[in-house]
$ cat data-v2.csv   # CSV, N, CA and C atoms
chain,number,residue,atom,x,y,z
A,889,MET,N,8.0,3.3,-18.3
A,889,MET,CA,7.3,2.3,-17.4
A,889,MET,C,5.9,2.8,-17.1
A,890,THR,N,5.0,1.8,-17.1
A,890,THR,CA,3.6,2.1,-16.8
A,890,THR,C,3.4,2.4,-15.4
A,891,GLU,N,2.6,3.5,-15.1
A,891,GLU,CA,2.2,3.8,-13.7
A,891,GLU,C,1.4,2.7,-13.1
A,892,ARG,N,1.8,2.3,-11.9
A,892,ARG,CA,1.0,1.4,-11.1
A,892,ARG,C,0.9,2.0,-9.7
A,893,ARG,N,-0.4,2.2,-9.3
A,893,ARG,CA,-0.6,2.8,-8.0
A,893,ARG,C,-1.8,2.2,-7.3
A,894,ALA,N,-1.6,1.9,-6.0
A,894,ALA,CA,-2.7,1.4,-5.2
A,894,ALA,C,-3.5,2.5,-4.6
A,895,ILE,N,-4.9,2.3,-4.5
A,895,ILE,CA,-5.8,3.3,-3.9
A,895,ILE,C,-6.4,2.5,-2.7
A,896,LEU,N,-6.3,3.1,-1.5
A,896,LEU,CA,-6.9,2.5,-0.3
A,896,LEU,C,-8.0,3.3,0.1
A,897,SER,N,-9.1,2.7,0.6
A,897,SER,CA,-10.3,3.3,1.1
A,897,SER,C,-10.3,3.6,2.6
A,898,GLY,N,-9.5,2.8,3.3
A,898,GLY,CA,-9.5,2.9,4.8
A,898,GLY,C,-10.3,1.7,5.4
A,899,SER,N,-10.8,0.8,4.5
A,899,SER,CA,-11.5,-0.3,5.0
A,899,SER,C,-10.6,-1.2,5.7
A,900,THR,N,-11.0,-1.7,6.9
A,900,THR,CA,-10.2,-2.6,7.7
A,900,THR,C,-9.9,-3.9,6.9
A,901,PHE,N,-10.8,-4.3,6.0
A,901,PHE,CA,-10.6,-5.5,5.2
A,901,PHE,C,-9.4,-5.4,4.3
A,902,GLU,N,-9.1,-4.2,3.8
A,902,GLU,CA,-7.9,-4.1,2.9
A,902,GLU,C,-6.6,-4.4,3.7
A,903,GLU,N,-6.6,-4.0,5.0
A,903,GLU,CA,-5.4,-4.3,5.8
A,903,GLU,C,-5.4,-5.7,6.2
A,904,GLN,N,-6.5,-6.2,6.7
A,904,GLN,CA,-6.6,-7.6,7.2
A,904,GLN,C,-6.3,-8.6,6.1
A,905,ILE,N,-6.8,-8.4,4.9
A,905,ILE,CA,-6.7,-9.4,3.8
A,905,ILE,C,-5.4,-9.1,2.9
A,906,GLY,N,-5.1,-7.8,2.8
A,906,GLY,CA,-3.9,-7.5,2.0
A,906,GLY,C,-4.2,-7.2,0.5
A,907,TYR,N,-5.1,-6.2,0.3
A,907,TYR,CA,-5.5,-5.8,-1.1
A,907,TYR,C,-5.8,-4.3,-1.1
A,908,ALA,N,-5.9,-3.8,-2.2
A,908,ALA,CA,-6.3,-2.4,-2.4
A,908,ALA,C,-7.7,-2.2,-2.9
A,909,ARG,N,-8.3,-1.1,-2.6
A,909,ARG,CA,-9.7,-0.9,-3.1
A,909,ARG,C,-9.6,-0.8,-4.6
A,910,ALA,N,-8.6,-0.2,-5.1
A,910,ALA,CA,-8.4,-0.1,-6.6
A,910,ALA,C,-6.9,-0.1,-6.9
A,911,VAL,N,-6.6,-0.5,-8.1
A,911,VAL,CA,-5.2,-0.4,-8.7
A,911,VAL,C,-5.3,0.4,-10.0
A,912,VAL,N,-4.5,1.5,-10.1
A,912,VAL,CA,-4.4,2.2,-11.3
A,912,VAL,C,-3.2,1.6,-12.0
A,913,ASP,N,-3.3,1.1,-13.2
A,913,ASP,CA,-2.3,0.5,-14.0
A,913,ASP,C,-2.3,1.2,-15.4
A,914,GLY,N,-1.5,2.2,-15.6
A,914,GLY,CA,-1.5,3.0,-16.8
A,914,GLY,C,-2.9,3.7,-16.9
A,915,ASP,N,-3.6,3.4,-18.0
A,915,ASP,CA,-4.9,4.0,-18.3
A,915,ASP,C,-6.0,3.3,-17.6
A,916,TRP,N,-5.7,2.0,-17.1
A,916,TRP,CA,-6.7,1.2,-16.6
A,916,TRP,C,-6.9,1.3,-15.1
A,917,VAL,N,-8.1,1.3,-14.6
A,917,VAL,CA,-8.4,1.3,-13.2
A,917,VAL,C,-9.2,0.1,-12.8
A,918,HIS,N,-8.7,-0.8,-12.0
A,918,HIS,CA,-9.3,-2.0,-11.6
A,918,HIS,C,-9.8,-1.8,-10.1
A,919,VAL,N,-11.1,-1.7,-10.0
A,919,VAL,CA,-11.7,-1.5,-8.6
A,919,VAL,C,-12.1,-2.9,-8.1
A,920,SER,N,-11.6,-3.2,-6.9
A,920,SER,CA,-11.9,-4.5,-6.3
A,920,SER,C,-13.4,-4.7,-6.0
A,921,GLY,N,-13.8,-5.9,-5.8
A,921,GLY,CA,-15.2,-6.2,-5.4
A,921,GLY,C,-15.4,-5.3,-4.1
A,922,THR,N,-16.5,-4.5,-4.2
A,922,THR,CA,-16.8,-3.5,-3.2
A,922,THR,C,-18.1,-3.8,-2.6
A,923,THR,N,-18.2,-3.9,-1.3
A,923,THR,CA,-19.5,-4.2,-0.7
A,923,THR,C,-20.1,-2.9,-0.1
A,924,GLY,N,-21.2,-3.1,0.6
A,924,GLY,CA,-22.0,-1.9,1.1
A,924,GLY,C,-21.6,-1.4,2.4
A,925,PHE,N,-20.4,-1.7,2.9
A,925,PHE,CA,-19.9,-1.1,4.1
A,925,PHE,C,-19.7,0.3,4.0
A,926,ASP,N,-20.1,1.1,5.0
A,926,ASP,CA,-19.7,2.5,5.2
A,926,ASP,C,-18.3,2.4,5.9
A,927,TYR,N,-17.2,2.7,5.1
A,927,TYR,CA,-15.9,2.5,5.7
A,927,TYR,C,-15.5,3.5,6.8
A,928,THR,N,-16.2,4.6,7.0
A,928,THR,CA,-15.9,5.5,8.1
A,928,THR,C,-16.4,4.9,9.4
A,929,SER,N,-17.5,4.2,9.4
A,929,SER,CA,-18.0,3.6,10.6
A,929,SER,C,-18.0,2.0,10.6
A,930,MET,N,-17.6,1.4,9.5
A,930,MET,CA,-17.5,0.0,9.3
A,930,MET,C,-18.9,-0.6,9.7
A,931,THR,N,-20.0,0.0,9.2
A,931,THR,CA,-21.3,-0.5,9.4
A,931,THR,C,-21.9,-0.8,8.0
A,932,ILE,N,-22.9,-1.7,8.0
A,932,ILE,CA,-23.6,-2.1,6.8
A,932,ILE,C,-25.1,-2.2,7.0
A,933,SER,N,-25.8,-1.7,6.1
A,933,SER,CA,-27.3,-1.7,6.2
A,933,SER,C,-27.8,-3.1,6.0
A,934,ASP,N,-29.0,-3.4,6.5
A,934,ASP,CA,-29.6,-4.7,6.2
A,934,ASP,C,-30.3,-4.8,4.9
A,935,ASP,N,-30.5,-3.6,4.2
A,935,ASP,CA,-31.2,-3.5,3.0
A,935,ASP,C,-30.3,-3.6,1.8
A,936,VAL,N,-30.6,-4.5,0.9
A,936,VAL,CA,-29.8,-4.7,-0.3
A,936,VAL,C,-29.7,-3.5,-1.2
A,937,VAL,N,-30.8,-2.7,-1.3
A,937,VAL,CA,-30.8,-1.5,-2.2
A,937,VAL,C,-29.9,-0.4,-1.5
A,938,GLU,N,-29.9,-0.3,-0.2
A,938,GLU,CA,-29.0,0.7,0.5
A,938,GLU,C,-27.6,0.2,0.3
A,939,GLN,N,-27.4,-1.1,0.4
A,939,GLN,CA,-26.0,-1.6,0.2
A,939,GLN,C,-25.5,-1.3,-1.2
A,940,ALA,N,-26.3,-1.5,-2.2
A,940,ALA,CA,-25.9,-1.2,-3.6
A,940,ALA,C,-25.5,0.2,-3.7
A,941,GLU,N,-26.3,1.1,-3.1
A,941,GLU,CA,-26.0,2.6,-3.2
A,941,GLU,C,-24.7,2.8,-2.5
A,942,GLN,N,-24.4,2.2,-1.3
A,942,GLN,CA,-23.2,2.4,-0.6
A,942,GLN,C,-22.0,1.8,-1.4
A,943,CYS,N,-22.2,0.7,-2.0
A,943,CYS,CA,-21.2,0.1,-2.9
A,943,CYS,C,-20.7,1.1,-4.0
A,944,LEU,N,-21.7,1.7,-4.6
A,944,LEU,CA,-21.4,2.6,-5.7
A,944,LEU,C,-20.8,3.9,-5.2
A,945,HIS,N,-21.2,4.3,-4.0
A,945,HIS,CA,-20.6,5.5,-3.4
A,945,HIS,C,-19.1,5.2,-3.1
A,946,ASN,N,-18.8,4.0,-2.6
A,946,ASN,CA,-17.4,3.6,-2.3
A,946,ASN,C,-16.6,3.5,-3.6
A,947,ILE,N,-17.2,2.9,-4.7
A,947,ILE,CA,-16.6,2.8,-6.0
A,947,ILE,C,-16.3,4.2,-6.6
A,948,GLY,N,-17.3,5.1,-6.5
A,948,GLY,CA,-17.1,6.4,-7.0
A,948,GLY,C,-16.0,7.2,-6.3
A,949,ALA,N,-15.8,7.0,-5.1
A,949,ALA,CA,-14.6,7.6,-4.4
A,949,ALA,C,-13.3,7.1,-4.9
A,950,ALA,N,-13.2,5.8,-5.1
A,950,ALA,CA,-12.0,5.2,-5.7
A,950,ALA,C,-11.8,5.6,-7.1
A,951,LEU,N,-12.8,5.7,-7.9
A,951,LEU,CA,-12.7,6.2,-9.3
A,951,LEU,C,-12.2,7.6,-9.3
A,952,ALA,N,-12.7,8.5,-8.4
A,952,ALA,CA,-12.3,9.9,-8.3
A,952,ALA,C,-10.9,10.0,-8.0
A,953,GLU,N,-10.4,9.2,-7.0
A,953,GLU,CA,-9.0,9.2,-6.6
A,953,GLU,C,-8.1,8.8,-7.7
A,954,ALA,N,-8.6,7.9,-8.6
A,954,ALA,CA,-7.9,7.4,-9.7
A,954,ALA,C,-7.9,8.4,-10.9
A,955,GLY,N,-8.7,9.4,-10.8
A,955,GLY,CA,-8.8,10.4,-11.9
A,955,GLY,C,-9.8,10.1,-12.9
A,956,CYS,N,-10.9,9.4,-12.6
A,956,CYS,CA,-11.9,9.1,-13.5
A,956,CYS,C,-13.3,9.1,-12.9
A,957,THR,N,-14.3,8.8,-13.6
A,957,THR,CA,-15.7,8.8,-13.1
A,957,THR,C,-16.4,7.6,-13.6
A,958,PHE,N,-17.6,7.5,-13.2
A,958,PHE,CA,-18.4,6.3,-13.7
A,958,PHE,C,-18.5,6.3,-15.2
A,959,ALA,N,-18.4,7.4,-15.9
A,959,ALA,CA,-18.5,7.5,-17.3
A,959,ALA,C,-17.3,6.7,-18.0
A,960,ASP,N,-16.3,6.5,-17.2
A,960,ASP,CA,-15.1,5.7,-17.7
A,960,ASP,C,-15.2,4.2,-17.5
A,961,VAL,N,-16.2,3.8,-16.8
A,961,VAL,CA,-16.4,2.3,-16.5
A,961,VAL,C,-16.7,1.6,-17.8
A,962,VAL,N,-16.0,0.5,-18.1
A,962,VAL,CA,-16.2,-0.3,-19.3
A,962,VAL,C,-16.8,-1.7,-18.9
A,963,ARG,N,-16.6,-2.1,-17.7
A,963,ARG,CA,-17.0,-3.4,-17.2
A,963,ARG,C,-17.5,-3.4,-15.8
A,964,VAL,N,-18.6,-4.1,-15.5
A,964,VAL,CA,-19.1,-4.2,-14.1
A,964,VAL,C,-19.5,-5.6,-13.9
A,965,ARG,N,-19.2,-6.0,-12.6
A,965,ARG,CA,-19.7,-7.4,-12.2
A,965,ARG,C,-20.4,-7.2,-10.9
A,966,TYR,N,-21.6,-7.8,-10.9
A,966,TYR,CA,-22.5,-7.8,-9.7
A,966,TYR,C,-22.4,-9.2,-9.1
A,967,LEU,N,-22.1,-9.3,-7.8
A,967,LEU,CA,-22.1,-10.6,-7.1
A,967,LEU,C,-23.1,-10.6,-6.0
A,968,LEU,N,-24.1,-11.5,-6.0
A,968,LEU,CA,-25.1,-11.5,-5.0
A,968,LEU,C,-25.3,-13.0,-4.5
A,969,PRO,N,-25.5,-13.1,-3.2
A,969,PRO,CA,-25.8,-14.5,-2.7
A,969,PRO,C,-27.2,-14.9,-3.0
A,970,ASP,N,-28.1,-13.9,-3.2
A,970,ASP,CA,-29.6,-14.2,-3.4
A,970,ASP,C,-30.0,-13.6,-4.7
A,971,ARG,N,-30.2,-14.4,-5.8
A,971,ARG,CA,-30.6,-13.8,-7.1
A,971,ARG,C,-31.9,-13.0,-7.0
A,972,GLU,N,-32.8,-13.3,-6.0
A,972,GLU,CA,-34.0,-12.6,-5.8
A,972,GLU,C,-33.8,-11.1,-5.4
A,973,ASP,N,-32.6,-10.8,-4.9
A,973,ASP,CA,-32.3,-9.4,-4.5
A,973,ASP,C,-31.9,-8.5,-5.7
A,974,PHE,N,-31.5,-9.1,-6.8
A,974,PHE,CA,-30.9,-8.3,-7.9
A,974,PHE,C,-31.9,-7.3,-8.5
A,975,GLU,N,-33.1,-7.7,-8.8
A,975,GLU,CA,-34.0,-6.8,-9.5
A,975,GLU,C,-34.3,-5.6,-8.7
A,976,SER,N,-34.4,-5.7,-7.4
A,976,SER,CA,-34.7,-4.5,-6.5
A,976,SER,C,-33.6,-3.5,-6.6
A,977,CYS,N,-32.4,-3.9,-7.0
A,977,CYS,CA,-31.2,-3.0,-7.2
A,977,CYS,C,-31.2,-2.3,-8.5
A,978,TRP,N,-32.0,-2.7,-9.5
A,978,TRP,CA,-31.9,-2.2,-10.8
A,978,TRP,C,-32.0,-0.7,-10.9
A,979,PRO,N,-33.0,-0.1,-10.2
A,979,PRO,CA,-33.1,1.4,-10.3
A,979,PRO,C,-31.8,2.1,-9.9
A,980,VAL,N,-31.2,1.6,-8.8
A,980,VAL,CA,-29.9,2.3,-8.4
A,980,VAL,C,-28.8,2.0,-9.5
A,981,LEU,N,-28.7,0.8,-10.0
A,981,LEU,CA,-27.7,0.5,-11.0
A,981,LEU,C,-27.9,1.3,-12.2
A,982,ARG,N,-29.2,1.4,-12.6
A,982,ARG,CA,-29.5,2.2,-13.9
A,982,ARG,C,-29.1,3.7,-13.7
A,983,ARG,N,-29.3,4.2,-12.5
A,983,ARG,CA,-29.0,5.6,-12.2
A,983,ARG,C,-27.5,5.9,-12.5
A,984,TYR,N,-26.6,4.9,-12.1
A,984,TYR,CA,-25.2,5.1,-12.3
A,984,TYR,C,-24.7,4.6,-13.7
A,985,PHE,N,-25.3,3.6,-14.2
A,985,PHE,CA,-24.8,3.0,-15.5
A,985,PHE,C,-25.7,3.1,-16.7
A,986,GLY,N,-26.9,3.6,-16.5
A,986,GLY,CA,-27.9,3.6,-17.6
A,986,GLY,C,-27.4,4.3,-18.9
A,987,ASP,N,-26.7,5.4,-18.7
A,987,ASP,CA,-26.3,6.1,-19.9
A,987,ASP,C,-24.9,5.7,-20.4
A,988,ILE,N,-24.2,4.9,-19.5
A,988,ILE,CA,-22.8,4.5,-19.8
A,988,ILE,C,-22.8,3.2,-20.6
A,989,ARG,N,-23.7,2.3,-20.1
A,989,ARG,CA,-23.8,0.9,-20.7
A,989,ARG,C,-22.6,0.1,-20.7
A,990,PRO,N,-21.9,-0.1,-19.6
A,990,PRO,CA,-20.7,-1.0,-19.6
A,990,PRO,C,-21.1,-2.4,-19.8
A,991,ALA,N,-20.2,-3.2,-20.2
A,991,ALA,CA,-20.4,-4.7,-20.2
A,991,ALA,C,-20.7,-5.1,-18.8
A,992,ALA,N,-21.6,-6.0,-18.6
A,992,ALA,CA,-22.0,-6.4,-17.2
A,992,ALA,C,-22.3,-7.9,-17.1
A,993,THR,N,-22.0,-8.4,-15.9
A,993,THR,CA,-22.3,-9.8,-15.5
A,993,THR,C,-22.8,-9.8,-14.1
A,994,MET,N,-23.8,-10.6,-13.9
A,994,MET,CA,-24.3,-10.8,-12.5
A,994,MET,C,-24.1,-12.3,-12.2
A,995,LEU,N,-23.5,-12.5,-11.0
A,995,LEU,CA,-23.2,-13.9,-10.6
A,995,LEU,C,-23.8,-14.1,-9.2
A,996,VAL,N,-24.4,-15.3,-9.0
A,996,VAL,CA,-24.9,-15.7,-7.7
A,996,VAL,C,-23.8,-16.5,-7.0
A,997,CYS,N,-23.4,-16.0,-5.8
A,997,CYS,CA,-22.3,-16.7,-5.1
A,997,CYS,C,-22.3,-16.3,-3.7
A,998,GLY,N,-21.6,-17.0,-2.8
A,998,GLY,CA,-21.5,-16.7,-1.5
A,998,GLY,C,-20.5,-15.5,-1.3
A,999,LEU,N,-20.8,-14.6,-0.3
A,999,LEU,CA,-19.9,-13.5,-0.1
A,999,LEU,C,-19.2,-13.8,1.3
A,1000,ALA,N,-18.1,-13.0,1.6
A,1000,ALA,CA,-17.3,-13.2,2.7
A,1000,ALA,C,-18.0,-13.1,4.1
A,1001,ASP,N,-19.0,-12.3,4.1
A,1001,ASP,CA,-19.7,-12.0,5.4
A,1001,ASP,C,-21.2,-12.2,5.1
A,1002,PRO,N,-21.9,-12.9,6.0
A,1002,PRO,CA,-23.4,-13.1,5.7
A,1002,PRO,C,-24.2,-11.8,5.7
A,1003,ARG,N,-23.6,-10.7,6.3
A,1003,ARG,CA,-24.4,-9.4,6.2
A,1003,ARG,C,-24.3,-8.8,4.8
A,1004,MET,N,-23.3,-9.2,4.0
A,1004,MET,CA,-23.2,-8.6,2.6
A,1004,MET,C,-24.2,-9.2,1.7
A,1005,LYS,N,-25.0,-8.4,1.0
A,1005,LYS,CA,-26.0,-8.8,0.1
A,1005,LYS,C,-25.7,-8.5,-1.3
A,1006,ILE,N,-24.7,-7.7,-1.6
A,1006,ILE,CA,-24.2,-7.4,-2.9
A,1006,ILE,C,-22.8,-6.9,-2.9
A,1007,GLU,N,-22.1,-7.3,-3.9
A,1007,GLU,CA,-20.7,-6.8,-4.1
A,1007,GLU,C,-20.6,-6.4,-5.5
A,1008,ILE,N,-19.9,-5.3,-5.8
A,1008,ILE,CA,-19.8,-4.8,-7.2
A,1008,ILE,C,-18.3,-4.5,-7.5
A,1009,GLU,N,-17.9,-4.9,-8.6
A,1009,GLU,CA,-16.5,-4.8,-9.1
A,1009,GLU,C,-16.6,-4.0,-10.5
A,1010,VAL,N,-15.7,-3.1,-10.7
A,1010,VAL,CA,-15.7,-2.4,-12.0
A,1010,VAL,C,-14.2,-2.3,-12.5
A,1011,TYR,N,-14.2,-2.1,-13.8
A,1011,TYR,CA,-13.0,-1.8,-14.6
A,1011,TYR,C,-13.3,-0.5,-15.3
A,1012,ALA,N,-12.4,0.5,-15.3
A,1012,ALA,CA,-12.5,1.7,-16.0
A,1012,ALA,C,-11.3,2.0,-16.8
A,1013,ARG,N,-11.4,2.8,-17.8
A,1013,ARG,CA,-10.3,3.2,-18.6
A,1013,ARG,C,-10.3,4.8,-18.6
A,1014,ARG,N,-9.2,5.3,-18.0
A,1014,ARG,CA,-9.1,6.8,-17.9
A,1014,ARG,C,-8.9,7.4,-19.3
A,1015,ALA,N,-9.6,8.5,-19.5
A,1015,ALA,CA,-9.5,9.2,-20.8
A,1015,ALA,C,-8.1,9.8,-20.9
A,1016,ALA,N,-7.6,9.8,-22.1
A,1016,ALA,CA,-6.2,10.3,-22.4
A,1016,ALA,C,-6.2,11.8,-22.0
A,1017,ALA,N,-5.1,12.3,-21.4
A,1017,ALA,CA,-5.0,13.6,-20.9
A,1017,ALA,C,-4.8,14.6,-22.1

$ encode --input "data-v2.csv" --output "structure tokens"
Amino acid sequence: MTERRAILSGSTFEEQIGYARAVVDGDWVHVSGTTGFDYTSMTISDDVVEQAEQCLHNIGAALAEAGCTFADVVRVRYLLPDREDFESCWPVLRRYFGDIRPAATMLVCGLADPRMKIEIEVYARRAAA
């Protein structure tokens, strides 16, 4: 039977809405759309670049708990309410994904909270042991 395990970050949203930060399903790791909240304080910066950095910090913690790293990411989705904010995030995104080159999509859409300026979702495949 394939291993299936939920990874929780401690975000109050996970409890209130009923989801996991990530789900490990065999070799695959599905990381939920992750915003720029600092889950220890449940605060969020007003700056989209700082939010992008925090998103990736939160995603990195979930990946580590799942037994993988950003190098294992095969797909990333960026969700932003304002397309004009995306380019300012590119240097942060390039720092994490520039050498990895996952498949990527950017979508312009509304997010759950008006303070959220970017949400990032990734899929990773854990290397065989």

$ closest_atom_pairs --input "data-v2.csv" --of "stretch 918-952 of chain A" --to "stretch 977-1000 of chain A" --cutoff "7 Å" --atoms "only N, CA and C atoms" --output "tab-separated table"
residue	atom	partner	partner_atom	distance
A:Val936	C	A:Cys977	CA	6.2
A:Val937	CA	A:Cys977	CA	5.2
A:Ala940	CA	A:Cys977	CA	6.7
A:Glu941	CA	A:Val980	CA	6.5

$ closest_residue --input "data-v2.csv" --among "A:Ser976, A:Ile895, A:Glu1007, A:Asp926" --to "A:Ala954" --atoms "all atoms listed in the file"
A:Ile895

$ closest_residue --input "data-v2.csv" --among "A:Ser899, A:Ile1008, A:Arg909, A:Arg1014" --to "A:Tyr966" --atoms "only N, CA and C atoms"
A:Ile1008

$ closest_residue --input "data-v2.csv" --among "A:Thr890, A:Thr923, A:Ser933, A:Gln904" --to "A:Glu1009" --atoms "only C-alpha atoms"
A:Thr923

$ closest_residue --input "data-v2.csv" --among "A:Arg892, A:Ala959, A:Ser897, A:Phe925" --to "A:Met1004" --atoms "only C-alpha atoms"
A:Phe925

$ select_by_dssp --input "data-v2.csv" --residues "chain A" --states "alpha helix (DSSP H)" --output "PyMOL selection string"
chain A and resi 900-901+936-954+974-985

$ closest_residue --input "data-v2.csv" --among "A:Gly898, A:Gly921, A:Pro969, A:Gly955" --to "A:Lys1005" --atoms "all atoms listed in the file"
A:Pro969

$ atom_distance --input "data-v2.csv" --atom1 "atom N of A:His918" --atom2 "atom C of A:Asn946"
12.3 Å

$ closest_residue --input "data-v2.csv" --among "A:Arg1003, A:Gly914, A:Val919, A:Ala1015" --to "A:Gly948" --atoms "only C-alpha atoms"
A:Val919

$ select_by_dssp --input "data-v2.csv" --residues "chain A" --states "strand (DSSP E or B)" --output "ChimeraX atom specification"
/A:892-895,910-913,916-923,925-926,931-932,961-968,991-996,1007-1013

$ atom_distance --input "data-v2.csv" --atom1 "atom CA of A:Tyr927" --atom2 "atom CA of A:Glu903"
12.5 Å

$ atom_distance --input "data-v2.csv" --atom1 "atom N of A:Asp970" --atom2 "atom C of A:Pro1002"
9.9 Å
